[in-house]
Structure formats: C-alpha cells, structure tokens
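Undergrad: Just dropping this structure here.
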Amino acid sequence: MAEAQVPKTISEEGTLSKGEEKFEKWRNTIGLFLGPLVGLLVYFIDMPQLSSKAHVLAAILSMTVVWWICEPIPLAMSALVSSILCVVFSVDGVKKVFAPYADPIIYLFLGSFMLAEAMAIHGLDKRFAYAIMSNKLIGNSTGRILIAFGFICAFLSMWISNTAATAMMFPIALGIVYAMAEIMAKQQGKGTVDPLKLRFGTGMMLIAAYGASTGGIGTPVGTPPNLIGIALIEKTLGVKIAFFHWMSFAVPLLIMLFGLLFLIMYFLFKPEIARVEGGTAYVAAERKKLGSWKRGEKNALFAFLVTVTLWLVPGFLAVIYGDDAPISKNYATLMPEGVAALIGATLLFLLPTNWKEREFTITWKQATRIDWGTLLLFGGGITLGTLMFETKLAEVIGRNLLAMSGASTTWGITFGAIYISILVSEASSNTASANMVVPVMIALAQAAGVDPIPPAIGATLGASWGFMLPVSTPPNAIVYGSGMVPITSMIRAGIFFDILGGLVIWGGLYILLPLVGLAK
C-alpha cells in the first residue's frame with residue numbers, strides 16, 4: 001500500500017491540546033455558575049407579557065440553555081434538572097412534566113439504538129461501510145464519501161421521517177468512520193487512531209443528521225411540520241397544496257440547501273486527509289476478511305429491513321392513496337415509527353444464532369450498552385418544548401421578535417417567520433414550533449394586509465431548521481450519542497447552517513413560490 005501524506009495533527013487527534021483542555025475547564029466552570037445567574041436574572045426581570053408560569057419557565061429555560069452550551073454537568077442531567085425545576089416551581093404537575101420521557105419518539109430512539117448495537121456486534125455495519133467505500137464512483141476520496149452519504153440521508157428523509165432516516169444510516173456512518181480510522185492507522189504505521197476524535201467523524205455524523213433534516217422538507221410526508229403547515233394553510237386560508245405541488249418548489253430548494261450543507265461540513269470539518277492512497281485495495285482486502293455472511297449478520301439485517309420497510313410504508317401509501325385516505329390513517333395509527341423500531345428490536349431477541357445453545361442475535365446485557373443519556377436528554381427537550389407551547393412563552397417570544405424587526409411586507413414577514421421559527425425550534429420540537437409559529441405568522445400577515453402563504457410556508461420550513469443543540473431535533477440527538485460530535489462543534493456548525501440556510505430558504509421561496517402559483 002502506498003504511503004499517504006498524513007498531517008501531524010492526525011497523530012494527536014486522540015487527546016486535547018493543553019490550550020483546549022484549559023478552554024474546556026473554563027467553559028465548564030463558568031457555565032456552572034453562569035446558568036443559575038442567568039436564570040435568576042430572567043426571573044427577576046419584569047415581564048408583564050408573560051403569565052407567572054411562563055415567566056418561571058423562561059428562567060428555567062435560560063439556565064438550561066446555558067448549561068447545554070457550557071456543559072458543566074452531563075447534558076442529560078441538565079435536561080433532568082430542568083424538569084425537576086418545572087415541578088418544584090409549579091410550572092406543571094409531575095405527571096405532565098415527566099410524561100415526555102415516555103413519549104413514543106423515545107421508543108423510536110430505543111429500538112433504533114438496539115438495532116445499531118446489534119449491527120455493530122455482528123459486524124454488519126462494517127460490511128455496509130466497506131461496500132459503500134468500495135464503490136468506484138466514490139473511490140479513495142473522503143470528500144466524495146461525505147457528499148454521497150449525506151445525499152443518501154437526504155433522499156431517504158424525503159419519504160420517511162428525518163428521525164427514521166438518521167436512525168437507519170447511523171450505524172452505517174459509524175462503520176465508515178471506524179473503517180477510515182483503521183485505514184489511517186495503517187498508513188501512519190501506528191497502532192490505532194481514535195475515530196471519536198477525527199474531524200471526518202464529526203462531519204459524517206453531522207451531515208447525516210443535518211442531511212436528514214434537510215431532506216425532510218422535500219415532500220409533505222418528510223417531516224411533521226410540513227403536514228402541519230399544509231393543514232393550517234388549507235384550514236385557515238382555503239388553499240390546498242397537493243403532494244407534488246409542494247415538491248415543485250421544495251425539491252429545488254432542497255438541492256440548494258444540500259449544496260450549502262456539504263460546503264459547510266467540508267470546510268468546518270475538513271477530513272484529515274483528502275484521499276486514502278491504497279484505500280480501495282485495503283477495503284477490498286478487509287471485505288474479503290469478513291468472509292461469508294454469518295447467521296448473526298443475517299438476523300440483524302432481517303430485523304433492520306423489517307423496520308425500514310415499516311418506516312417506508314406510510315410514504316408509499318401517501319403517494320398512492322393520499323395522506324387523508326383511510327388506509328393511510330389506519331396504518332399511521334396501528335404502526336407508528338416508535339412501534340416499528342421496537343418490532344425490529346424485539347426480533348433481535350427472537351432470531352437465534354445458535355438454537356441448540358439458545359443463543360439469540362442480541363442479549364440484554366449487550367442491548368443495555370446503548371446511550372441512555374440521549375433518551376433522557378431528548379425527553380427533557382420535549383418537556384421544555386411542550387411547556388413553552390402551553391404557557392404561550394414561545395408565542396410571546398415570536399411576537400416580540402417580529403415586532404422588533406419592524407417587518408410589514410409579505411417577504412419581510414416571511415423573513416421574520418423563518419428565523420423566528422428557527423429560533424423557537426432550537427429549544428422545542430419541530431412539531432411544537434410549527435403548531436405555534438405558523439398560525440401566528442398567518443394572523444400577522446392577514447393583519448398587515450399581505451399575502452399570508454409565503455410567511456406560513458417560511459415558518460413551516462423554519463420549524464425543521466434547528467441544528468445548534470442535541471435537543472433541537474431527533475437526528476441531532478441520535479448522532480450526538482455517537483460520541484463523535486462535541487457540543488461546541490454542533491453549536492458552531494448549527495449557527496452557520498441556521499443563518500445561511502435561513503437565507504437560502506428565504507431567497508428560494510422568493511424565487512420559486514411565484515413560479516408555482518403560491519405567491520402573488
């Protein structure tokens with residue numbers, strides 16, 4: 001195998017520099033005290049627009065966001081602390097506050113993580129990774145691996161939820177990064193390269209999550225906010241946006257946004273090496289070492305494919321029969337994504353690898369290796385988002401931000417709608433954001449006497465555009481659980497994609513909506 005020129009920083013990727021360690025220590029220490037101080041400051045500021053419960057929630061939310069950014073304690077514990085404070089300070093009752101920790105989406109995570117664990121245990125993720133990396137079109141280029149993987153995530157998310165798409169591709173991304181680390185170690189002549197510390201790994205994780213969220217805007221069924229926005233537009237304005245009518249502007253917009261995403265990921269987390277010389281030969285040799293398919297791999301693949309099929313069915317039913325058809329609604333009721341994931345996970349405990357010894361595809365001890373902290377983290381995020389919606393805190397924030405902007409034209413309000421929706425989605429679920437922001441934007445546009453459809457669509461798309469924090473969207477939480485995405489890296493990339501993506505959405509809608517007859 002030919003020797004590749006590897007930057008010196010590669011050999012040091014496994015540890016933080018002294019400067020980085022000092023920064024992390026100060027970030028954690030400052031955040032520990034700054035969070036409560038910010039919370040107290042917000043609590044004692046006079047806010048007549050807010051109810052007493054919304055005011056208390058604003059203080060708790062402020063403290064929690066500071067702790068999520070500075071990470072003085074584990075993020076999952078910050079989420080739990082916020083829930084505890086919501087009960088102690090009577091924002092809501094204990095049952096209501098902690099109910100989101102058993103939300104169906106938590107079980108989607110649970111089942112998906114167990115499937116990923118089984119795939120890793122039996123080497124199926126590595127088999128998939130080597131198959132992708134051996135494709136001649138991708139070759140030895142780490143950049144092409146990045147863009148190809150992100151495109152697959154975006155395309156899948158057009159037809160299934162961004163959460164399911166990320167969960168599906170997550171173990172494959174892990175396999176690719178670990179395989180790449182092995183290749184780099186071979187080229188360096190060193191024992192190991194820590195895959196958790198590679199920029200390439202961070203880029204792969206984030207392009208999977210961000211690509212899935214981006215792809216979700218492409219079709220009405222890609223993400224819940226799309227369906228919410230379409231329903232609200234039809235209900236309040238009497239304008240029905242058909243499936244392919246939506247795609248006529250959303251798919252071109254998706255292509256523009258994915259191009260921006262790749263550029264951001266490539267330049268923020270540029271792979272340590274542009275090409276892996278001899279990588280194709282290495283991959284071929286490693287694939288050969290894997291040998292024939294083993295029973296555990298076949299079982300894990302079967303469970304994976306069953307789950308993926310159950311996730312894909314709603315998209316096909318929507319295309320063939322429509323979203324409102326009885327068969328589509330019945331399937332959604334009987335087979336939600338969380339149940340589909342648990343069916344796949346259950347199969348892992350039922351499919352034997354050695355019936356004589358009563359050995360199955362996965363054991364409970366192996367299954368418990370999943371990242372439980374991520375489940376707690378997202379449960380806390382759902383709680384905060386729900387309470388923001390119920391106490392009207394999010395609505396007041398949106399109204400004040402729009403008033404500060406002074407927007408009064410169709411496209412001025414649309415610009416404000418996009419960024420308000422993005423901001424709200426950072427601290428609450430995209431579904432809650434769409435439910436809250438879209439009707440507010442429609443009402444504001446009507447009050448201003450301008451066309452309300454562009455602001456409504458802008459708010460709908462903005463609701464899917466929360467990228468800064470693990471709790472901003474389920475895909476973020478999934479990839480954060482990999483250990484390859486430092487919170488500071490997610491915040492930095494998220495800020496860029498939030499701001500620049502919002503501009504692309506606004507510009508794209510300005511050009512495309514008049515062309516498809518959805519703007520005057």
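Just so we're on the same page: first chain in the structure tokens is A, next is B, and so on; residues restart at 1 for each chain, and ligands are numbered from 1 in the order they show up.
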With a cut-off of 6 Å, could you pull out the residues of region 415-489 of chain A touching region 211-229 of chain A and give me the nearest pair of atoms for each, distance in Å to one decimal, using only C-alpha atoms, ordered by chain and ascending number, as CSV?
TA:
residue,atom,partner,partner_atom,distance
A:Thr431,CA,A:Pro225,CA,5.4
A:Ala434,CA,A:Pro225,CA,5.4
A:Thr460,CA,A:Gly229,CA,5.4
Undergrad: Since we have the selection now, will you write its residues out, keeping C-alpha atoms, as an mmCIF file, in the first residue's frame?
TA:
data_model
loop_
_atom_site.group_PDB
_atom_site.id
_atom_site.type_symbol
_atom_site.label_atom_id
_atom_site.label_comp_id
_atom_site.auth_asym_id
_atom_site.auth_seq_id
_atom_site.Cartn_x
_atom_site.Cartn_y
_atom_site.Cartn_z
ATOM 1 C CA THR A 431 -43.804 19.868 15.634
ATOM 2 C CA ALA A 434 -44.816 24.604 13.570
ATOM 3 C CA THR A 460 -43.167 25.654 8.251
#
Undergrad: Give me, as a ChimeraX atom specification, all polymer residues having an atom no more than 12 Å from His245 (chain A), counting only C-alpha atoms and skipping those fewer than 3 positions away in the same chain.
TA: /A:218-220,230,239-242,248-251,512-513,515-518
Undergrad: Do a neighbour search on Pro36 (chain A) at 10 Å with only C-alpha atoms, toss out local chain neighbours closer than 6 positions, and write the hits as a ChimeraX atom specification.
TA: /A:42,59-60,62-64,66-67
Undergrad: Write a file of the selected residues as a PDB file, in the first residue's frame, keeping C-alpha atoms.
TA:
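For reference, out_22.pdb as written:
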ATOM      1  CA  VAL A  42     -34.570  36.424  33.890  1.00  0.00           C
ATOM      2  CA  ALA A  59     -35.927  31.486  33.758  1.00  0.00           C
ATOM      3  CA  ILE A  60     -35.562  27.690  33.808  1.00  0.00           C
ATOM      4  CA  SER A  62     -32.423  30.294  30.162  1.00  0.00           C
ATOM      5  CA  MET A  63     -30.431  28.402  32.773  1.00  0.00           C
ATOM      6  CA  THR A  64     -30.805  25.115  30.909  1.00  0.00           C
ATOM      7  CA  VAL A  66     -26.524  27.994  29.233  1.00  0.00           C
ATOM      8  CA  TRP A  67     -25.787  24.599  30.762  1.00  0.00           C
TER       9      TRP A  67
END
Undergrad: Region 299-310 of chain A: which residues within 8 Å, counting only C-alpha atoms, same-chain residues fewer than 2 positions away excluded, as a VMD selection string?
TA: chain A and resid 115 118 to 119 122 124 168 295 to 297 312 to 314 335 337 340 to 341 343 to 345 347 to 348 351 to 353 361
Undergrad: When you count only C-alpha atoms, which of these residues is closest to Ala493 (chain A): A:Thr142, A:Leu268, A:Trp246, A:Gly381?
TA: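 Ranked by minimum distance to Ala493 (chain A), first place goes to A:Leu268.
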Undergrad: With distances taken over only C-alpha atoms, which residue among A:Pro336, A:Pro439, A:Gly139, A:Pro171 lies nearest Ala116 (chain A)?
TA: A:Pro171
Undergrad: Name all residues at most 12 Å from Asn28 (chain A) (count only C-alpha atoms; drop same-chain ones fewer than 5 positions away) and give them as a VMD selection string.
TA: chain A and resid 21 to 23 33 to 35 66 to 75 487 to 488
Undergrad: May I have the residues from that selection written out with C-alpha atoms, as a CSV table (one decimal), in the first residue's frame?
TA:
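Contents of part27.csv, freshly written:
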chain,number,residue,atom,x,y,z
A,21,GLU,CA,-8.2,21.4,27.9
A,22,LYS,CA,-7.8,24.8,29.6
A,23,PHE,CA,-10.7,26.2,27.5
A,33,PHE,CA,-22.3,29.4,37.8
A,34,LEU,CA,-23.5,31.4,34.8
A,35,GLY,CA,-26.5,29.2,34.2
A,66,VAL,CA,-26.5,28.0,29.2
A,67,TRP,CA,-25.8,24.6,30.8
A,68,TRP,CA,-26.3,22.8,27.4
A,69,ILE,CA,-23.9,25.2,25.8
A,70,CYS,CA,-21.2,25.2,28.6
A,71,GLU,CA,-21.8,21.5,29.7
A,72,PRO,CA,-20.8,21.9,33.4
A,73,ILE,CA,-22.8,18.7,34.0
A,74,PRO,CA,-23.8,16.0,31.5
A,75,LEU,CA,-26.4,17.2,29.1
A,487,ILE,CA,-21.3,20.0,21.8
A,488,THR,CA,-19.2,23.0,20.7
Undergrad: Under the rule that only C-alpha atoms are counted, which of A:Leu108, A:Val56, A:Leu500, A:Ile320 is the nearest residue to Asp92 (chain A)?
TA: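 With only C-alpha atoms as the atom set, the closest residue is A:Val56.
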Undergrad: Which residue, A:Cys153, A:Met265, A:Leu393, A:Ala131, has the smallest gap to Leu61 (chain A) when you use only C-alpha atoms?
TA: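 Between A:Cys153, A:Met265, A:Leu393, A:Ala131, the residue approaching Leu61 (chain A) most closely is A:Leu393.
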Undergrad: Using only C-alpha atoms, which of A:Ser157, A:Thr192, A:Thr166, A:Ser78 sits nearest Leu384 (chain A)?
TA: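 So, comparing all the options, the nearest one is A:Ser78.
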Undergrad: Please return, as a ChimeraX atom specification, all residues of region 139-338 of chain A that DSSP assigns to alpha helix (DSSP H) on the basis of the backbone.
TA: /A:142-157,162-188,199-215,224-237,243-268,279-290,295-321,326-334,337-338
Undergrad: Between A:Ala285, A:Ile233, A:Phe496, A:Pro470, single out the one closest to Asn435 (chain A), counting only C-alpha atoms.
TA: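 Using only C-alpha atoms, the shortest distance to Asn435 (chain A) belongs to A:Ile233.
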Undergrad: Name the residues of region 268-372 of chain A that come out as strand (DSSP E) in a backbone DSSP run; write them as a PyMOL selection string.
TA: chain A and resi 352-354+359-360
Undergrad: Restricting the output to N, CA and C atoms, write the selected residues as an mmCIF file, in the first residue's frame.
TA:
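The result, written out as out_12.cif:
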data_model
loop_
_atom_site.group_PDB
_atom_site.id
_atom_site.type_symbol
_atom_site.label_atom_id
_atom_site.label_comp_id
_atom_site.auth_asym_id
_atom_site.auth_seq_id
_atom_site.Cartn_x
_atom_site.Cartn_y
_atom_site.Cartn_z
ATOM 1 N N PRO A 352 -32.629 -16.711 16.479
ATOM 2 C CA PRO A 352 -31.490 -17.414 17.090
ATOM 3 C C PRO A 352 -30.245 -17.409 16.201
ATOM 4 N N THR A 353 -29.091 -17.368 16.846
ATOM 5 C CA THR A 353 -27.832 -17.587 16.140
ATOM 6 C C THR A 353 -27.334 -19.013 16.400
ATOM 7 N N ASN A 354 -27.773 -19.581 17.494
ATOM 8 C CA ASN A 354 -27.439 -20.971 17.827
ATOM 9 C C ASN A 354 -28.583 -21.525 18.667
ATOM 10 N N GLU A 359 -28.892 -19.349 21.927
ATOM 11 C CA GLU A 359 -28.233 -18.053 21.756
ATOM 12 C C GLU A 359 -28.966 -17.270 20.676
ATOM 13 N N PHE A 360 -29.232 -16.006 20.948
ATOM 14 C CA PHE A 360 -30.001 -15.187 20.028
ATOM 15 C C PHE A 360 -29.154 -14.020 19.503
#
Undergrad: Considering only C-alpha atoms, return as a PyMOL selection string whatever protein or nucleic-acid residues lie within 12 Å of Gly203 (chain A), sequence-local ones (same chain, fewer than 2 positions apart) excluded.
TA: chain A and resi 142-143+145-147+149-150+173-174+176-177+195-201+205-211+261-272+479-480+484-486+489-490+493
